[in-house]
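Peer 1: If you scroll down you'll find the structure; I have some questions about it.
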Amino acid sequence: MSFEVPDDLHYRESHEWIDPESGRVGITDFAQDELGDVVFVELPGEGDALEAGGELGVIESIKAVSDLYAPVSGEVTAVNEALFDAPELVNEDPFGEGWMVEVEFADAASDDLLSADEYAEQIE
Amino acid sequence: MTLRKPPLRDAHAERGATFTEFGGWDMPVEFDSIRTEHAAVREAAGVFDVSHMGEIEVVGPDATALLQRLTTDDVSALSPGDAQYAGITREDGVLLDDTVVYRLPDEERPAGGAGADAGDDGSVPAYLFVPNAGNDGRMHERWVDHREEWGLDCEVRNVTGERAMFAVQGPDAPGLVADAVDDGGPDVLDLPPFSATHAPVAGADCWVARTGYTGEDGFEIVCLWDAAGTVWELFAADATPCGLGARDTLRVEHGFLLSGQDFHPEDEPRTPYEADIGSVVDLDAEFVGRDALATQREAGVEETFAGIELLDRGVPRHGYDVTDEDGHVVGTVTSGTMSPTLEKPIALGYLPTELTDPGTQLHVVVRGQRKRAKVAPVPFE
């Protein structure tokens with residue numbers, strides 16, 4: 001099975017992505033497939049401070065509960081509230097409508113983040 | 001520990017199933033997605049490989065007496081082709097397992113051994129009962145021990161490793177199963193719920209029972225291990241292959257107990273009355289645990305199994321605390337999920353009996369947060 005790994009995003013080993021242009025954060029195609037049917041997402045509020053590698057929220061599928069980790073340090077400037085009523089968007093469109101938060105950050109080039117190629121290799 | 005494998009484990013893997021350990025077995029948890037599999041069973045038909053369920057045959061003049069002694073309902077009421085859901089309790093009335101007891105056609109007994117129940121023609125009663133995954137060894141041992149203790153005359157055979165079991169469930173399931181029976185076989189549509197018959201399917205002799213664990217109409221089909229592939233493929237062509245994930249969400253929506261999770265002899269010791277299956281306890285029968293249960297029935301139970309619906313967002317899961325409106329812990333969730341059909345979070349668990357009226361306001365504690373909830377009737381609606 002092959003998974004989408006968009007070139008223009010950066011990735012955490014724990015399967016979150018961040019768009020360095022917009023600051024949007026979500027989970028990868030691989031991660032949504034591993035989780036199965038997503039039924040619940042718990043996210044920080046607007047204005048909350050995130051720390052790279054720290055807690056971002058919780059995602060639950062029918063079969064599992066997983067923690068989400070922040071790919072960068074910064075401040076949450078927007079939350080995808082559509083996910084509260086339609087968490088299945090994470091399955092259907094993990095890099096698009098399934099985004100989770102937007103973060104205003106200082107430095108995306110944190111050592112922890114992987115390029116698309118590096119992430120693709122990790123999930124091979 | 002090596003996991004036990006159902007006969008079609010590799011075929012399921014090739015179909016793309018993901019697997020989970022359950023009761024010591026390596027079982028498919030999901031073929032496509034729990035949501036689509038669940039919907040297929042509610043709206044059309046699904047087929048489950050449930051070969052992890054135990055199969056134990058009890059045959060002989062005293063087979064009825066032995067089963068009567070070890071299960072909670074009246075086994076003597078069964079005629080060949082009847083099925084009965086029952087508890088298996090220990091001396092203090094606590095459930096060790098739950099099971100379906102099938103009375104098979106009587107068997108010939110070649111020589112001697114005329115016992116209490118031997119027919120005029122020398123035939124003897126035969127039963128199949130189905131303990132839950134991983135319990136077959138313990139239950140086989142229990143049956144043998146009690147047979148010896150009581151000097152009963154019957155064979156007890158653990159055939160779990162020789163039998164495959166499939167469940168074909170959903171509104172379209174009866175038609176599919178009827179079509180699958182070979183020409184000249186019985187019309188299984190004539191079978192009422194909780195009855196069964198031998199029927200040939202794709203040339204294989206199958207035990208076809210109108211039973212299930214999804215709340216839908218359908219059948220459970222037992223065949224020899226060698227015939228498993230042929231029988232499975234026949235159903236998988238028309239019914240959606242389903243894993244244990246959907247099996248779990250389907251049974252939770254209907255409030256069905258899962259042995260080992262909703263009750264467990266050490267971790268969650270519960271009697272049939274607490275587990276709200278008192279209707280399958282016949283206190284006029286003589287079985288292990290009967291006296292303790294008679295006493296409990298007289299006194300009433302302090303806690304009862306009930307349905308809980310979350311009113312706030314969140315997913316209730318096994319082990320989460322349930323509190324009353326004042327925040328005092330009053331119970332624990334034993335099973336919970338986001339209901340795929342109802343699209344709301346639902347749970348099962350034990351509550352103080354006085355708090356089990358539908359509508360009673362409660363909270364379920366999800367990762368430290370109290371979520372509003374209420375008692376709901378089961379099946380959930």
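Ordered as shown in the structure tokens, chains take letters A, B, and onward, while each chain numbers its residues from 1 and ligands are numbered from 1 in the order shown.
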With a cut-off of 8 Å, could you pull out the residues of chain A touching chain B and give me the nearest pair of atoms for each, distance in Å to one decimal, using only C-alpha atoms, ordered by chain and ascending number, as a tab-separated table?
Peer 2:
```
residue	atom	partner	partner_atom	distance
A:Gly36	CA	B:Ser33	CA	6.5
A:Asp37	CA	B:Arg35	CA	6.6
A:Val39	CA	B:Met338	CA	6.7
A:Phe40	CA	B:Gly314	CA	6.5
A:Glu60	CA	B:Val315	CA	7.6
A:Ile62	CA	B:Thr337	CA	6.4
A:Lys63	CA	B:Gly245	CA	7.1
```
Peer 1: Write the selection just made, keeping N, CA and C atoms, as a PDB file, in the first residue's frame?
Peer 2:
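The resulting file, result13.pdb, is reproduced below:
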```pdb
ATOM      1  N   GLY A  36      -7.476   4.030  11.561  1.00  0.00           N
ATOM      2  CA  GLY A  36      -8.827   3.618  11.161  1.00  0.00           C
ATOM      3  C   GLY A  36      -9.797   4.751  11.408  1.00  0.00           C
ATOM      4  N   ASP A  37     -11.090   4.413  11.438  1.00  0.00           N
ATOM      5  CA  ASP A  37     -12.140   5.428  11.474  1.00  0.00           C
ATOM      6  C   ASP A  37     -11.997   6.395  12.639  1.00  0.00           C
ATOM      7  N   VAL A  39     -13.058   9.109  15.156  1.00  0.00           N
ATOM      8  CA  VAL A  39     -14.370   9.481  15.704  1.00  0.00           C
ATOM      9  C   VAL A  39     -14.316  10.664  16.668  1.00  0.00           C
ATOM     10  N   PHE A  40     -13.122  11.118  17.023  1.00  0.00           N
ATOM     11  CA  PHE A  40     -13.040  12.190  18.019  1.00  0.00           C
ATOM     12  C   PHE A  40     -11.674  12.850  17.938  1.00  0.00           C
ATOM     13  N   GLU A  60      -8.944  10.038  18.504  1.00  0.00           N
ATOM     14  CA  GLU A  60      -9.459   8.701  18.797  1.00  0.00           C
ATOM     15  C   GLU A  60     -10.118   8.125  17.556  1.00  0.00           C
ATOM     16  N   ILE A  62     -12.217   4.383  16.288  1.00  0.00           N
ATOM     17  CA  ILE A  62     -13.069   3.422  16.980  1.00  0.00           C
ATOM     18  C   ILE A  62     -12.204   2.501  17.824  1.00  0.00           C
ATOM     19  N   LYS A  63     -11.042   2.119  17.292  1.00  0.00           N
ATOM     20  CA  LYS A  63     -10.268   1.109  18.010  1.00  0.00           C
ATOM     21  C   LYS A  63      -9.156   1.639  18.905  1.00  0.00           C
TER      22      LYS A  63
END
```
Peer 1: Taking the DSSP assignment computed from this structure's backbone, write out as a PDB file with C-alpha atoms, in the first residue's frame all residues of region 5-68 of chain A that belong to strand (DSSP E).
Peer 2:
```pdb
ATOM      1  CA  HIS A  10       7.536  18.872   6.974  1.00  0.00           C
ATOM      2  CA  TYR A  11       6.904  15.848   9.170  1.00  0.00           C
ATOM      3  CA  GLU A  16       2.111  14.947  12.251  1.00  0.00           C
ATOM      4  CA  TRP A  17       2.729  17.288   9.294  1.00  0.00           C
ATOM      5  CA  ILE A  18       3.190  21.042   9.175  1.00  0.00           C
ATOM      6  CA  ARG A  24      -1.240  24.372   9.241  1.00  0.00           C
ATOM      7  CA  VAL A  25      -0.790  21.138  11.147  1.00  0.00           C
ATOM      8  CA  GLY A  26      -2.436  17.748  10.717  1.00  0.00           C
ATOM      9  CA  ILE A  27      -1.700  14.026  10.663  1.00  0.00           C
ATOM     10  CA  VAL A  38     -11.482   8.644  13.378  1.00  0.00           C
ATOM     11  CA  VAL A  39     -14.370   9.481  15.704  1.00  0.00           C
ATOM     12  CA  PHE A  40     -13.040  12.190  18.019  1.00  0.00           C
ATOM     13  CA  VAL A  41     -10.420  14.928  17.999  1.00  0.00           C
ATOM     14  CA  GLU A  42      -9.404  17.043  20.993  1.00  0.00           C
ATOM     15  CA  ALA A  49       0.978  28.124  23.262  1.00  0.00           C
ATOM     16  CA  LEU A  50       2.520  24.974  21.808  1.00  0.00           C
ATOM     17  CA  GLU A  55       1.150  17.892  23.645  1.00  0.00           C
ATOM     18  CA  LEU A  56      -1.033  19.016  20.754  1.00  0.00           C
ATOM     19  CA  GLY A  57      -4.176  17.053  21.489  1.00  0.00           C
ATOM     20  CA  VAL A  58      -5.748  13.623  21.301  1.00  0.00           C
ATOM     21  CA  ILE A  59      -7.205  11.711  18.387  1.00  0.00           C
ATOM     22  CA  GLU A  60      -9.459   8.701  18.797  1.00  0.00           C
ATOM     23  CA  SER A  61     -10.540   6.135  16.266  1.00  0.00           C
ATOM     24  CA  VAL A  65      -6.659   6.547  21.395  1.00  0.00           C
ATOM     25  CA  SER A  66      -3.498   8.395  20.301  1.00  0.00           C
ATOM     26  CA  ASP A  67      -1.728  11.515  21.493  1.00  0.00           C
ATOM     27  CA  LEU A  68      -0.904  14.252  19.016  1.00  0.00           C
TER      28      LEU A  68
END
```
Peer 1: Determine, counting only C-alpha atoms, which protein, DNA and RNA residues have an atom within 9 Å of an atom of Leu342 (chain B); residues of the same chain fewer than 4 positions away are not included. Present the result as a PyMOL selection string.
Peer 2: chain B and resi 253+338+380-381
Peer 1: Take the residues from that selection and write them out as a tab-separated table (two decimals), in the first residue's frame, keeping N, CA and C atoms.
Peer 2:
```tsv
chain	number	residue	atom	x	y	z
B	253	GLU	N	-23.78	-1.90	20.55
B	253	GLU	CA	-25.04	-1.18	20.26
B	253	GLU	C	-26.25	-1.96	20.77
B	338	MET	N	-17.77	4.73	19.98
B	338	MET	CA	-18.61	5.66	19.24
B	338	MET	C	-19.50	4.77	18.38
B	380	PHE	N	-29.36	0.28	22.29
B	380	PHE	CA	-29.35	1.75	22.19
B	380	PHE	C	-30.20	2.17	21.01
B	381	GLU	N	-30.81	3.33	21.14
B	381	GLU	CA	-31.64	3.80	20.02
B	381	GLU	C	-31.45	5.30	19.83
```
Peer 1: Give me, as a PyMOL selection string, all polymer residues having an atom no more than 7 Å from Gly81 (chain B), counting only C-alpha atoms and skipping those fewer than 2 positions away in the same chain.
Peer 2: chain B and resi 79+83+102-105+195-197
Peer 1: Hey, what's within 9 Å of Leu234 (chain B) if we count only C-alpha atoms and toss same-chain stuff fewer than 6 positions away? As a list in words, please?
Peer 2: Ala180, Val201 and Ala202 of chain B
Peer 1: Show me a table, sorted first by chain and then by increasing residue number, of the residues of region 180-220 of chain B having an atom at most 12 Å from region 98-101 of chain B, each with its shortest atom pair and the distance in Å to one decimal, counting only C-alpha atoms and written as CSV.
Peer 2:
```
residue,atom,partner,partner_atom,distance
B:Phe194,CA,B:Val100,CA,9.1
B:Ser195,CA,B:Val101,CA,10.5
B:Ala196,CA,B:Val101,CA,10.9
B:Ala209,CA,B:Val100,CA,10.6
B:Arg210,CA,B:Val100,CA,11.5
B:Thr211,CA,B:Val100,CA,8.8
B:Gly212,CA,B:Val100,CA,9.9
B:Tyr213,CA,B:Val100,CA,10.9
B:Glu220,CA,B:Val100,CA,11.2
```
Peer 1: Skip Leu114 (chain A) itself and residues of its chain fewer than 3 positions away, then list as a ChimeraX atom specification all residues within 12 Å of it, counting only C-alpha atoms.
Peer 2: /A:5,7-18,71,108-111,117-123
Peer 1: Residues at most 6 Å from Glu55 (chain B), counting only C-alpha atoms, excluding those fewer than 4 positions away in the same chain, as a ChimeraX atom specification?
Peer 2: /B:129-130,159-160
Peer 1: Just to be explicit: take each residue in the selection above, keep N, CA and C atoms, and write the result as a tab-separated table (two decimals), in the first residue's frame.
Peer 2:
```tsv
chain	number	residue	atom	x	y	z
B	129	PHE	N	-21.35	-27.08	22.60
B	129	PHE	CA	-21.44	-25.75	23.20
B	129	PHE	C	-20.22	-24.93	22.85
B	130	VAL	N	-20.42	-23.62	22.87
B	130	VAL	CA	-19.44	-22.69	22.31
B	130	VAL	C	-18.96	-21.73	23.39
B	159	VAL	N	-13.22	-29.78	20.24
B	159	VAL	CA	-12.98	-29.83	18.80
B	159	VAL	C	-12.66	-28.44	18.22
B	160	THR	N	-12.29	-27.51	19.12
B	160	THR	CA	-12.01	-26.13	18.69
B	160	THR	C	-11.00	-26.07	17.54
```
Peer 1: DSSP on the backbone, then: every residue of region 108-354 of chain B marked alpha helix (DSSP H), written as an MDAnalysis selection string.
Peer 2: chainID B and resid 136:150 173:180 228:236 244:253 290:299
Peer 1: Select, from A:Leu35, A:Ala86, A:Val103, A:Val72, the residue with the minimum atom-to-atom distance to Gly23 (chain A), counting only C-alpha atoms.
Peer 2: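 Among the listed residues, the smallest separation from Gly23 (chain A) belongs to A:Val103.
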Peer 1: Pick the closest to Gly24 (chain B) from B:Val124, B:Ala133, B:Ala77, B:Ala299: which is it, counting only C-alpha atoms?
Peer 2: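 Smallest distance to Gly24 (chain B) is found for B:Ala133.
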Peer 1: What does the structure give for the distance between CA of Gly54 (chain A) and CA of Val366 (chain B), in Å to one decimal?
Peer 2: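 Going from CA of Gly54 (chain A) over to CA of Val366 (chain B), I get 20.3 Å.
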Peer 1: CA of Leu96 (chain B) and CA of Pro265 (chain B), how far apart in Å?
Peer 2: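 Value for the CA of Pro265 (chain B)-CA of Leu96 (chain B) distance: 5.5 Å.
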